[in-house]
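One file, work14.txt, is given below (compact mmCIF, C-alpha atoms).
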```txt
# COMPACT_ATOMS: atom_id res chain seq x y z
CA LEU Q 1482 154.12 2.71 42.39
CA LYS Q 1483 153.84 1.81 46.01
CA LYS Q 1484 152.50 5.24 46.82
CA GLU Q 1485 149.98 5.07 43.99
CA LEU Q 1486 148.91 1.65 45.23
CA GLN Q 1487 148.36 3.07 48.72
CA ASP Q 1488 146.31 5.94 47.29
CA LYS Q 1489 144.16 3.53 45.31
CA GLU Q 1490 143.61 1.34 48.38
CA GLY Q 1491 142.55 4.45 50.32
CA SER Q 1492 140.15 5.42 47.55
CA LEU Q 1493 138.73 1.86 47.50
CA SER Q 1494 138.20 2.03 51.28
CA VAL Q 1495 136.27 5.31 50.91
CA VAL Q 1496 134.16 3.86 48.09
CA GLY Q 1497 133.46 0.76 50.18
CA GLY Q 1498 132.27 2.93 53.06
CA GLU Q 1499 130.02 4.93 50.79
CA GLU Q 1500 128.68 1.69 49.31
CA ARG Q 1501 127.86 0.32 52.76
CA ARG Q 1502 126.22 3.61 53.71
CA ALA Q 1503 124.15 3.56 50.50
CA LYS Q 1504 123.13 -0.04 51.17
CA GLY Q 1505 122.01 0.96 54.70
CA GLU Q 1506 120.01 3.85 53.34
CA LEU Q 1507 118.47 1.57 50.72
CA GLU Q 1508 117.50 -0.98 53.35
CA ALA Q 1509 115.97 1.76 55.51
CA ALA Q 1510 114.06 3.06 52.46
CA ARG Q 1511 112.78 -0.46 51.76
CA LYS Q 1512 111.55 -0.82 55.36
CA ALA Q 1513 109.92 2.61 55.19
CA ALA Q 1514 108.25 1.62 51.91
CA ALA Q 1515 106.95 -1.60 53.51
CA LEU Q 1516 105.53 0.35 56.46
CA LEU Q 1517 103.97 2.82 54.04
CA ARG Q 1518 102.35 -0.04 52.09
CA GLU Q 1519 100.95 -1.40 55.35
CA ASP Q 1520 99.57 2.05 56.20
CA VAL Q 1521 98.03 2.29 52.73
CA GLU Q 1522 96.38 -1.14 53.14
CA GLY Q 1523 95.05 -0.10 56.56
CA LEU Q 1524 93.63 3.10 55.07
CA LYS Q 1525 92.02 1.07 52.27
CA ARG Q 1526 90.40 -1.23 54.84
CA GLN Q 1527 89.15 1.76 56.81
CA LEU Q 1528 87.79 3.29 53.61
CA ARG Q 1529 85.93 0.08 52.74
CA SER Q 1530 84.50 -0.10 56.26
CA LEU Q 1531 83.36 3.53 56.08
CA SER Q 1532 81.83 2.87 52.67
CA GLU Q 1533 79.93 -0.13 54.03
CA GLN Q 1534 78.73 1.91 57.02
CA GLU Q 1535 77.60 4.69 54.69
CA SER Q 1536 75.70 2.18 52.54
CA GLY Q 1537 74.07 0.75 55.68
CA LYS Q 1538 73.05 4.24 56.77
CA GLU Q 1539 71.58 4.95 53.35
CA ARG Q 1540 69.57 1.71 53.49
CA GLU Q 1541 68.40 2.56 57.05
CA VAL Q 1542 67.39 6.07 55.97
CA SER Q 1543 65.52 4.61 52.99
CA ARG Q 1544 63.71 2.12 55.25
CA LEU Q 1545 62.81 4.77 57.82
CA SER Q 1546 61.58 7.11 55.07
CA ARG Q 1547 59.42 4.33 53.66
CA GLU Q 1548 58.00 3.52 57.10
CA GLN Q 1549 57.34 7.21 57.73
CA GLY Q 1550 55.44 7.46 54.44
CA GLU Q 1551 53.33 4.42 55.32
CA LEU Q 1552 52.72 5.83 58.81
CA ARG Q 1553 51.59 9.17 57.41
CA ALA Q 1554 49.24 7.40 55.00
CA SER Q 1555 47.77 5.48 57.96
CA VAL Q 1556 47.38 8.73 59.91
CA ALA Q 1557 45.55 10.30 56.95
CA GLU Q 1558 43.20 7.29 56.69
CA LEU Q 1559 42.52 7.45 60.44
CA GLU Q 1560 41.80 11.17 60.25
CA ASP Q 1561 39.32 10.55 57.41
CA ALA Q 1562 37.64 7.76 59.38
CA LEU Q 1563 37.52 9.98 62.48
CA ARG Q 1564 35.86 12.80 60.53
CA VAL Q 1565 33.26 10.39 59.11
CA SER Q 1566 32.59 8.90 62.55
CA ARG Q 1567 32.20 12.34 64.14
CA ARG Q 1568 29.82 13.40 61.38
CA GLU Q 1569 27.72 10.26 61.87
CA THR Q 1570 27.71 10.84 65.63
CA LYS Q 1571 26.50 14.40 65.10
CA ASN Q 1572 23.74 13.17 62.78
CA ALA Q 1573 22.75 10.54 65.35
CA HIS Q 1574 22.55 13.19 68.09
CA GLU Q 1575 20.32 15.33 65.87
CA GLU Q 1576 18.09 12.35 65.11
CA HIS Q 1577 17.97 11.53 68.83
CA GLY Q 1578 16.83 15.08 69.60
CA ARG Q 1579 14.15 14.90 66.91
CA LEU Q 1580 12.79 11.60 68.22
CA VAL Q 1581 12.77 12.88 71.80
CA GLY Q 1582 10.82 15.94 70.68
CA GLU Q 1583 8.32 13.87 68.73
CA LEU Q 1584 7.91 11.44 71.61
CA SER Q 1585 7.34 14.33 74.01
CA SER Q 1586 4.66 15.68 71.68
CA VAL Q 1587 2.91 12.29 71.55
CA LEU Q 1588 3.01 11.91 75.34
CA SER Q 1589 1.80 15.49 75.79
CA ALA Q 1590 -1.14 14.79 73.48
CA THR Q 1591 -1.85 11.59 75.41
CA ARG Q 1592 -1.85 13.48 78.73
CA LYS Q 1593 -4.21 16.11 77.31
CA ILE Q 1594 -6.62 13.40 76.13
CA HIS Q 1595 -6.36 11.75 79.54
CA GLU Q 1596 -7.07 15.05 81.30
CA SER Q 1597 -9.98 15.68 78.96
CA LEU Q 1598 -11.42 12.25 79.71
CA LEU Q 1599 -11.04 12.78 83.45
CA GLY Q 1600 -12.55 16.25 83.26
CA SER Q 1601 -15.61 15.00 81.41
CA SER Q 1602 -16.40 12.40 84.07
CA GLN Q 1603 -17.79 13.03 87.55
CA GLU Q 1604 -16.36 9.75 88.82
CA VAL Q 1605 -12.78 8.64 88.20
CA GLU Q 1606 -12.48 5.01 87.11
CA TYR Q 1607 -9.27 3.12 87.87
CA GLY Q 1608 -7.88 0.29 85.81
CA GLY Q 1609 -4.81 -1.51 84.50
CA ILE Q 1610 -3.42 -2.66 81.16
CA GLY Q 1611 -5.17 -6.03 81.04
CA VAL Q 1612 -2.45 -8.46 82.11
CA LYS Q 1613 -1.89 -10.77 85.07
CA ILE Q 1614 1.67 -11.10 86.30
CA GLU Q 1615 3.48 -13.51 88.58
CA ALA Q 1616 6.60 -13.00 90.69
CA PRO Q 1617 8.29 -14.77 93.64
CA GLU Q 1618 6.59 -14.28 97.00
CA ARG Q 1619 9.94 -13.37 98.56
CA PRO Q 1620 11.97 -11.98 95.65
CA GLN Q 1621 14.83 -10.85 97.91
CA GLU Q 1622 15.49 -14.45 98.91
CA ALA Q 1623 15.15 -15.90 95.40
CA GLU Q 1624 18.03 -16.69 93.06
CA ASP Q 1625 18.78 -14.15 90.34
CA GLU Q 1626 17.29 -16.31 87.59
CA ASP Q 1627 14.10 -16.82 89.66
CA ARG Q 1628 13.42 -13.12 90.34
CA ASP Q 1629 11.87 -12.40 86.94
CA VAL Q 1630 8.40 -10.88 86.72
CA ARG Q 1631 6.50 -12.74 84.00
CA VAL Q 1632 3.19 -12.23 82.23
CA ALA Q 1633 0.90 -15.07 83.29
CA GLN Q 1634 -2.17 -14.02 81.28
CA VAL Q 1635 -3.23 -11.40 78.74
CA ILE Q 1636 -6.91 -10.54 79.34
CA ALA Q 1637 -8.97 -10.63 76.16
CA GLY Q 1638 -10.15 -7.19 75.08
CA GLY Q 1639 -7.80 -5.33 77.42
CA PRO Q 1640 -5.29 -2.70 76.29
CA ALA Q 1641 -2.43 -5.23 76.13
CA ASP Q 1642 -4.55 -7.63 74.06
CA VAL Q 1643 -5.70 -4.84 71.71
CA ASN Q 1644 -2.13 -3.63 71.25
CA GLY Q 1645 -0.87 -7.18 70.63
CA LYS Q 1646 2.72 -6.57 71.70
CA ILE Q 1647 2.75 -8.18 75.14
CA ALA Q 1648 2.48 -11.99 75.20
CA VAL Q 1649 2.23 -14.67 77.88
CA ASN Q 1650 5.60 -15.61 79.42
CA ASP Q 1651 7.18 -12.26 78.50
CA VAL Q 1652 9.43 -10.82 81.23
CA LEU Q 1653 8.61 -7.35 82.56
CA LEU Q 1654 11.80 -5.31 83.00
CA GLU Q 1655 10.67 -1.73 83.67
CA VAL Q 1656 7.51 0.28 84.35
CA HIS Q 1657 7.84 4.01 83.64
CA GLY Q 1658 11.64 3.54 83.50
CA ARG Q 1659 11.80 1.87 86.93
CA ALA Q 1660 13.28 -1.65 87.10
CA VAL Q 1661 10.76 -4.15 88.50
CA THR Q 1662 12.95 -7.27 88.67
CA GLY Q 1663 12.88 -8.48 92.26
CA MET Q 1664 9.78 -6.48 93.21
CA GLU Q 1665 6.62 -7.98 94.66
CA VAL Q 1666 3.44 -8.24 92.58
CA GLU Q 1667 1.53 -5.64 94.63
CA ALA Q 1668 4.32 -3.10 94.28
CA ILE Q 1669 4.36 -3.58 90.51
CA ARG Q 1670 0.58 -3.36 90.40
CA ALA Q 1671 0.74 -0.02 92.20
CA LEU Q 1672 3.02 1.28 89.43
CA ILE Q 1673 0.63 0.17 86.67
CA VAL Q 1674 -2.88 0.77 88.01
CA GLY Q 1675 -4.24 4.31 87.70
CA PRO Q 1676 -7.17 6.37 86.41
CA SER Q 1677 -8.55 5.08 83.12
CA GLY Q 1678 -6.72 6.62 80.20
CA THR Q 1679 -3.40 6.98 82.05
CA PRO Q 1680 -0.42 6.11 79.80
CA VAL Q 1681 1.76 3.29 81.16
CA THR Q 1682 5.15 2.64 79.57
CA ILE Q 1683 6.37 -0.96 79.81
CA LYS Q 1684 9.79 -2.33 78.89
CA ALA Q 1685 9.80 -6.11 78.54
CA ALA Q 1686 11.68 -9.03 76.99
CA SER Q 1687 10.07 -11.58 74.71
CA GLY Q 1688 9.62 -14.99 76.32
CA GLU Q 1689 10.49 -16.64 73.00
CA ASP Q 1690 13.80 -15.06 71.93
CA GLY Q 1691 14.60 -12.53 74.69
CA THR Q 1692 14.22 -9.52 72.37
CA THR Q 1693 13.52 -6.36 74.39
CA TYR Q 1694 10.77 -3.95 73.41
CA ILE Q 1695 9.00 -0.88 74.79
CA VAL Q 1696 5.24 -0.33 74.62
CA THR Q 1697 2.99 2.41 76.00
CA LEU Q 1698 -0.63 1.50 76.86
CA LEU Q 1699 -3.56 3.44 78.29
CA THR Q 1700 -5.16 2.00 81.42
CA THR Q 1701 -8.83 1.13 81.29
CA GLY Q 1702 -11.28 -0.32 83.82
CA ASP Q 1703 -13.52 -1.73 81.09
CA VAL Q 1704 -11.99 -4.94 79.76
CA SER Q 1705 -14.20 -4.90 76.70
CA GLY Q 1706 -12.63 -1.54 75.80
CA GLU Q 1707 -14.48 1.64 75.00
CA PRO Q 1708 -14.10 2.40 71.24
CA TYR Q 1709 -12.59 5.84 71.81
CA ILE Q 1710 -10.04 4.56 74.31
CA GLU Q 1711 -9.09 1.69 72.00
CA ARG Q 1712 -8.60 4.05 69.09
CA VAL Q 1713 -6.38 6.33 71.19
CA SER Q 1714 -4.43 3.30 72.44
CA ARG Q 1715 -3.81 2.01 68.92
CA GLN Q 1716 -2.78 5.35 67.48
CA LEU Q 1717 -0.92 7.31 70.13
CA CYS Q 1718 0.49 4.45 72.19
CA ASP Q 1719 1.69 2.48 69.19
CA ARG Q 1720 3.39 5.59 67.90
CA ALA Q 1721 4.99 6.21 71.29
CA SER Q 1722 6.15 2.58 71.37
CA VAL Q 1723 7.75 2.90 67.94
CA LEU Q 1724 9.46 6.13 68.94
CA ARG Q 1725 10.79 4.59 72.15
CA SER Q 1726 12.13 1.60 70.25
CA ASP Q 1727 13.79 3.98 67.80
CA LEU Q 1728 15.29 5.87 70.72
CA VAL Q 1729 16.71 2.67 72.22
CA SER Q 1730 18.26 1.71 68.88
CA LEU Q 1731 19.61 5.21 68.39
CA GLU Q 1732 21.14 5.30 71.86
CA GLU Q 1733 22.89 2.01 71.15
CA ARG Q 1734 24.15 3.44 67.87
CA LEU Q 1735 25.37 6.58 69.63
CA SER Q 1736 27.23 4.47 72.17
CA GLN Q 1737 28.91 2.48 69.39
CA GLU Q 1738 29.84 5.65 67.48
CA GLN Q 1739 31.31 7.23 70.60
CA ALA Q 1740 33.34 4.09 71.30
CA GLU Q 1741 34.59 4.10 67.69
CA VAL Q 1742 35.56 7.78 67.95
CA ALA Q 1743 37.48 7.06 71.16
CA ARG Q 1744 39.24 4.10 69.50
CA LEU Q 1745 40.22 6.16 66.46
CA GLU Q 1746 41.51 9.00 68.64
CA LYS Q 1747 43.69 6.59 70.61
CA ALA Q 1748 44.99 5.04 67.38
CA GLY Q 1749 45.76 8.53 66.03
CA GLN Q 1750 47.69 9.42 69.18
CA ARG Q 1751 49.67 6.18 68.93
CA LEU Q 1752 50.53 6.84 65.28
CA THR Q 1753 51.57 10.39 66.11
CA ARG Q 1754 53.97 9.06 68.75
CA ASP Q 1755 55.35 6.51 66.25
CA ASP Q 1756 55.87 9.30 63.70
CA ALA Q 1757 57.84 11.33 66.26
CA VAL Q 1758 60.04 8.30 66.99
CA LEU Q 1759 60.68 7.78 63.26
CA ARG Q 1760 61.60 11.45 62.86
CA ASP Q 1761 64.19 11.11 65.63
CA GLN Q 1762 65.58 7.96 64.05
CA LEU Q 1763 65.83 9.67 60.64
CA ARG Q 1764 67.61 12.64 62.18
CA ASP Q 1765 70.09 10.35 63.95
CA ALA Q 1766 70.65 8.35 60.74
CA ASN Q 1767 71.32 11.51 58.70
CA VAL Q 1768 73.82 12.67 61.31
```
Can I see the file as structure tokens?
Amino acid sequence: LKKELQDKEGSLSVVGGEERRAKGELEAARKAAALLREDVEGLKRQLRSLSEQESGKEREVSRLSREQGELRASVAELEDALRVSRRETKNAHEEHGRLVGELSSVLSATRKIHESLLGSSQEVEYGGIGVKIEAPERPQEAEDEDRDVRVAQVIAGGPADVNGKIAVNDVLLEVHGRAVTGMEVEAIRALIVGPSGTPVTIKAASGEDGTTYIVTLLTTGDVSGEPYIERVSRQLCDRASVLRSDLVSLEERLSQEQAEVARLEKAGQRLTRDDAVLRDQLRDANV
């Protein structure tokens, strides 16, 4: 019995050792399971963060795509406006050429009439356009606002009076395209006076509202006005004046159209650069 008791105690000791070993393994397994759960939670958090980043990228790509569409629509509108502006500029250039040609024809006809009048007369008669002007005695020393050359009188029956465009207190700006502001009276008179029937082109500003105008008159030494000269002055010179006014308006229009074309081209270049930037951003977002 004693021996059996010893054997049983030995067996119990072995079982106790195995039990302790099993408990150790179980505790280690529990710790490993806890670490694994922590790893799983960390992976879940990383997955949520990646999902949020992916959603943010998708929203960014959607926003960039929308902006790119709007930018392309703006580019298309600008291209249409640029085509229209270039077409209008081309039409304005063609109209400008037509007016220049017509004005040249009128002036050529005027010169031929003038030459015919001079050729039919043994004695050349000199005259002006029938206005008296006033200017500072020393224009170089005068202030800018006091250097104007003004019409002091329009002589009744003279070319200016017959034409009716020039009025008292108007400011003379140019004679034959040469600026007269700041010139002395005698120098201006030398530009205007010539053989009777000579066309004189005047650019002036209205003394009432400052509106500029251009008029072409034929010089005459007879203030009362010879009927033939008056008829030529009314017909050819009025037509030349209208054409010159049209030319001035057309040149202003051309200048505006060219400025608009330049503005549209700059805007198109800027939009093209913006489109390139958006393309790069979209490529980066897709990556």
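Reported to one decimal place, the separation of CA of Pro1640 in chain Q from CA of Pro1680 in chain Q is 10.7 Å.
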Using all atoms listed in the file, can you list as a tab-separated table (two decimals) with C-alpha atoms, in the frame of the given file the residues within 10 Å of (63.1, 5.0, 61.8)?
```
chain	number	residue	atom	x	y	z
Q	1541	GLU	CA	68.40	2.56	57.05
Q	1542	VAL	CA	67.39	6.07	55.97
Q	1543	SER	CA	65.52	4.61	52.99
Q	1544	ARG	CA	63.71	2.12	55.25
Q	1545	LEU	CA	62.81	4.77	57.82
Q	1546	SER	CA	61.58	7.11	55.07
Q	1547	ARG	CA	59.42	4.33	53.66
Q	1548	GLU	CA	58.00	3.52	57.10
Q	1549	GLN	CA	57.34	7.21	57.73
Q	1755	ASP	CA	55.35	6.51	66.25
Q	1756	ASP	CA	55.87	9.30	63.70
Q	1757	ALA	CA	57.84	11.33	66.26
Q	1758	VAL	CA	60.04	8.30	66.99
Q	1759	LEU	CA	60.68	7.78	63.26
Q	1760	ARG	CA	61.60	11.45	62.86
Q	1761	ASP	CA	64.19	11.11	65.63
Q	1762	GLN	CA	65.58	7.96	64.05
Q	1763	LEU	CA	65.83	9.67	60.64
Q	1764	ARG	CA	67.61	12.64	62.18
Q	1765	ASP	CA	70.09	10.35	63.95
Q	1766	ALA	CA	70.65	8.35	60.74
```
Spatial neighbours of Asp1642 in chain Q, 10 Å, all atoms listed in the file, chain gap at least 4 places, as an MDAnalysis selection string: chainID Q and resid 1610:1612 1634:1638 1646:1648 1704
Atomic distance CA of Ser1555 in chain Q - CA of Gln1739 in chain Q, expressed in Å with one decimal: 20.8 Å
Pairwise distance for CA of Ala1562 in chain Q and CA of Leu1745 in chain Q, rounded to one decimal in Å: 7.7 Å
Near-Leu1735 in chain Q list (9 Å; only C-alpha atoms; drop same-chain fewer than 2 positions) as number ranges by chain: Q: 1569-1570, 1573-1574, 1577, 1730-1733, 1737-1740
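Shortest separation to Arg1567 in chain Q among Q:Ala1641, Q:Val1666, Q:Val1742, Q:Ala1748 occurs at residue Q:Val1742, atoms counted being only C-alpha atoms.
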Pick from Q:Gly1645, Q:Glu1615, Q:Lys1504, Q:Gly1609, whichever lies nearest to Thr1701 in chain Q using only C-alpha atoms: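 The answer is Q:Gly1609, which sits nearest to Thr1701 in chain Q.
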Contacts of Val1630 in chain Q at 8 Å (only C-alpha atoms; same-chain gap of 3+ positions) as a ChimeraX atom specification: /Q:1614-1617,1652-1654,1661-1664
Suppose we keep C-alpha atoms; can you now write the selection as a compact mmCIF listing (two decimals), keeping the file's coordinate frame?
```txt
# COMPACT_ATOMS: atom_id res chain seq x y z
CA ILE Q 1614 1.67 -11.10 86.30
CA GLU Q 1615 3.48 -13.51 88.58
CA ALA Q 1616 6.60 -13.00 90.69
CA PRO Q 1617 8.29 -14.77 93.64
CA VAL Q 1652 9.43 -10.82 81.23
CA LEU Q 1653 8.61 -7.35 82.56
CA LEU Q 1654 11.80 -5.31 83.00
CA VAL Q 1661 10.76 -4.15 88.50
CA THR Q 1662 12.95 -7.27 88.67
CA GLY Q 1663 12.88 -8.48 92.26
CA MET Q 1664 9.78 -6.48 93.21
```
